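Down below is the structure, laid out as structure tokens.
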Amino acid sequence: MTDCRLSISSRGNGWESNTVQSAKLSIDGDWARVEYKIDGDDCTFELCPARAEQVRRGSVNIRMAFVPGGKTACILGDDDIRGGYEIFTTRLDCTIKSHGFNAVIEYLSGDDRERICVKLRALALGK
């Protein structure tokens with residue numbers, strides 16, 4: 001894995017979150033994986049043109065899958081105590097190059113169908 005700079009921008013109904021941090025990046029053709037930490041939790045984000053998935057392990061485990069035009073779920077917890085809610089991905093655009101990736105994910109979250117947009121950019125350091 002290569003050191004990289006990761007930018008994540010998320011926006012929803014009345015809220016916004018932006019972060020830039022160091023991470024580890026792996027790219028193999030049209031597939032990318034980045035490993036990073038948020039608030040002490042270990043996170044991974046995997047991406048290809050047809051699917052993306054974010055996993056967060058820590059205080060509360062979270063797994064979210066994104067498939068363009070498809071219903072998936074946000075799963076909270078682990079095998080002992082688990083819950084979640086439906087998400088519907090309206091857009092998944094990505095560009096993956098040997099030195100990094102850009103991705104835009106738009107989805108409707110939960111029963112209230114909150115519209116959320118997440119933009120991620122990973123750029124290998126020294127390239």
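Here, A, B, ... name the chains of the structure tokens in the order displayed, residue numbers run from 1 inside each chain, and ligands are numbered from 1 in the same displayed order.
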
Wanna dump the region 26-59 of chain A-region 92-115 of chain A contacts at 7 Å for me, each residue with its shortest atom pair and the distance in Å to one decimal, counting only C-alpha atoms, ordered by chain and number, as a tab-separated table?
```
residue	atom	partner	partner_atom	distance
A:Ile27	CA	A:Ser98	CA	6.4
A:Asp30	CA	A:Ile96	CA	6.0
A:Pro49	CA	A:Cys94	CA	6.2
```

Taking 2 positions as the minimum chain separation for residues in the same chain, which residues sit within 9 Å of Ser10 (chain A) when counting only C-alpha atoms? Answer as a PDB file with N, CA and C atoms, in the first residue's frame.
```pdb
ATOM      1  N   ILE A   8     -12.374  13.709   2.104  1.00  0.00           N
ATOM      2  CA  ILE A   8     -13.758  13.233   2.135  1.00  0.00           C
ATOM      3  C   ILE A   8     -14.656  14.416   2.444  1.00  0.00           C
ATOM      4  N   GLY A  12     -25.533  16.504   3.652  1.00  0.00           N
ATOM      5  CA  GLY A  12     -26.889  15.994   3.756  1.00  0.00           C
ATOM      6  C   GLY A  12     -27.847  17.137   4.018  1.00  0.00           C
ATOM      7  N   TRP A  15     -26.506  19.542   7.049  1.00  0.00           N
ATOM      8  CA  TRP A  15     -25.210  19.238   7.658  1.00  0.00           C
ATOM      9  C   TRP A  15     -24.150  19.052   6.579  1.00  0.00           C
ATOM     10  N   GLU A  16     -22.897  19.197   7.001  1.00  0.00           N
ATOM     11  CA  GLU A  16     -21.758  19.043   6.105  1.00  0.00           C
ATOM     12  C   GLU A  16     -20.559  18.592   6.921  1.00  0.00           C
ATOM     13  N   SER A  17     -19.729  17.738   6.336  1.00  0.00           N
ATOM     14  CA  SER A  17     -18.511  17.267   6.983  1.00  0.00           C
ATOM     15  C   SER A  17     -17.399  17.217   5.945  1.00  0.00           C
ATOM     16  N   ASN A  18     -16.237  17.772   6.296  1.00  0.00           N
ATOM     17  CA  ASN A  18     -15.083  17.760   5.398  1.00  0.00           C
ATOM     18  C   ASN A  18     -13.854  17.340   6.183  1.00  0.00           C
ATOM     19  N   ILE A 116     -28.014  12.371   0.340  1.00  0.00           N
ATOM     20  CA  ILE A 116     -26.642  12.555   0.814  1.00  0.00           C
ATOM     21  C   ILE A 116     -25.693  12.469  -0.372  1.00  0.00           C
ATOM     22  N   CYS A 117     -24.694  13.339  -0.370  1.00  0.00           N
ATOM     23  CA  CYS A 117     -23.649  13.332  -1.396  1.00  0.00           C
ATOM     24  C   CYS A 117     -22.293  13.209  -0.703  1.00  0.00           C
ATOM     25  N   VAL A 118     -21.504  12.244  -1.146  1.00  0.00           N
ATOM     26  CA  VAL A 118     -20.163  12.033  -0.605  1.00  0.00           C
ATOM     27  C   VAL A 118     -19.170  12.121  -1.761  1.00  0.00           C
ATOM     28  N   LYS A 119     -18.123  12.918  -1.570  1.00  0.00           N
ATOM     29  CA  LYS A 119     -17.054  13.032  -2.558  1.00  0.00           C
ATOM     30  C   LYS A 119     -15.759  12.599  -1.891  1.00  0.00           C
ATOM     31  N   LEU A 120     -15.058  11.682  -2.533  1.00  0.00           N
ATOM     32  CA  LEU A 120     -13.782  11.187  -2.018  1.00  0.00           C
ATOM     33  C   LEU A 120     -12.708  11.385  -3.073  1.00  0.00           C
TER      34      LEU A 120
END
```

Of the listed residues A:Leu123, A:Ala50, A:Leu76, A:Val60, that which approaches Gln21 (chain A) most closely, counting only C-alpha atoms: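 Of A:Leu123, A:Ala50, A:Leu76, A:Val60, the one nearest Gln21 (chain A) is A:Leu123, counting only C-alpha atoms.
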
Shell of 6 Å around Thr89 (chain A), only C-alpha atoms, local chain residues under 4 positions omitted, as a PyMOL selection string: chain A and resi 66-70+107

Once you have the residues from the selection above, write them out as an mmCIF file, in the first residue's frame, restricted to C-alpha atoms.
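Contents of the output file result-v1.cif:
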```cif
data_model
loop_
_atom_site.group_PDB
_atom_site.id
_atom_site.type_symbol
_atom_site.label_atom_id
_atom_site.label_comp_id
_atom_site.auth_asym_id
_atom_site.auth_seq_id
_atom_site.Cartn_x
_atom_site.Cartn_y
_atom_site.Cartn_z
ATOM 1 C CA PHE A 66 -23.333 1.398 -2.855
ATOM 2 C CA VAL A 67 -24.550 -0.003 -6.182
ATOM 3 C CA PRO A 68 -25.777 2.488 -8.796
ATOM 4 C CA GLY A 69 -29.555 2.272 -9.158
ATOM 5 C CA GLY A 70 -29.749 -0.364 -6.436
ATOM 6 C CA TYR A 107 -27.739 8.198 -2.206
#
```

Spatial neighbours of Ala124 (chain A), max dist 8 Å, only C-alpha atoms, sep filter under 4 positions, as an MDAnalysis selection string: chainID A and resid 2:5 25 99:100

Could those residues be written to a file, using C-alpha atoms, as a short mmCIF file (atom, residue, chain, number, x, y, z; two decimals), in the first residue's frame?
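Result file out30.cif:
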```cif
data_model
loop_
_atom_site.label_atom_id
_atom_site.label_comp_id
_atom_site.auth_asym_id
_atom_site.auth_seq_id
_atom_site.Cartn_x
_atom_site.Cartn_y
_atom_site.Cartn_z
CA THR A 2 1.10 3.53 -0.80
CA ASP A 3 0.87 6.60 1.41
CA CYS A 4 -1.77 9.00 0.14
CA ARG A 5 -3.74 12.10 0.96
CA LEU A 25 -3.90 3.41 -0.94
CA HIS A 99 -1.85 7.43 -8.69
CA GLY A 100 -5.30 7.79 -7.07
#
```

One-decimal distance in Å that lies between CA of Gly40 (chain A) and CA of Leu6 (chain A):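 For CA of Leu6 (chain A) relative to CA of Gly40 (chain A), the distance reads 15.9 Å.
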
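The gap separating CA of Gly77 (chain A) from CA of Arg56 (chain A) is 10.1 Å, in Å to one decimal.
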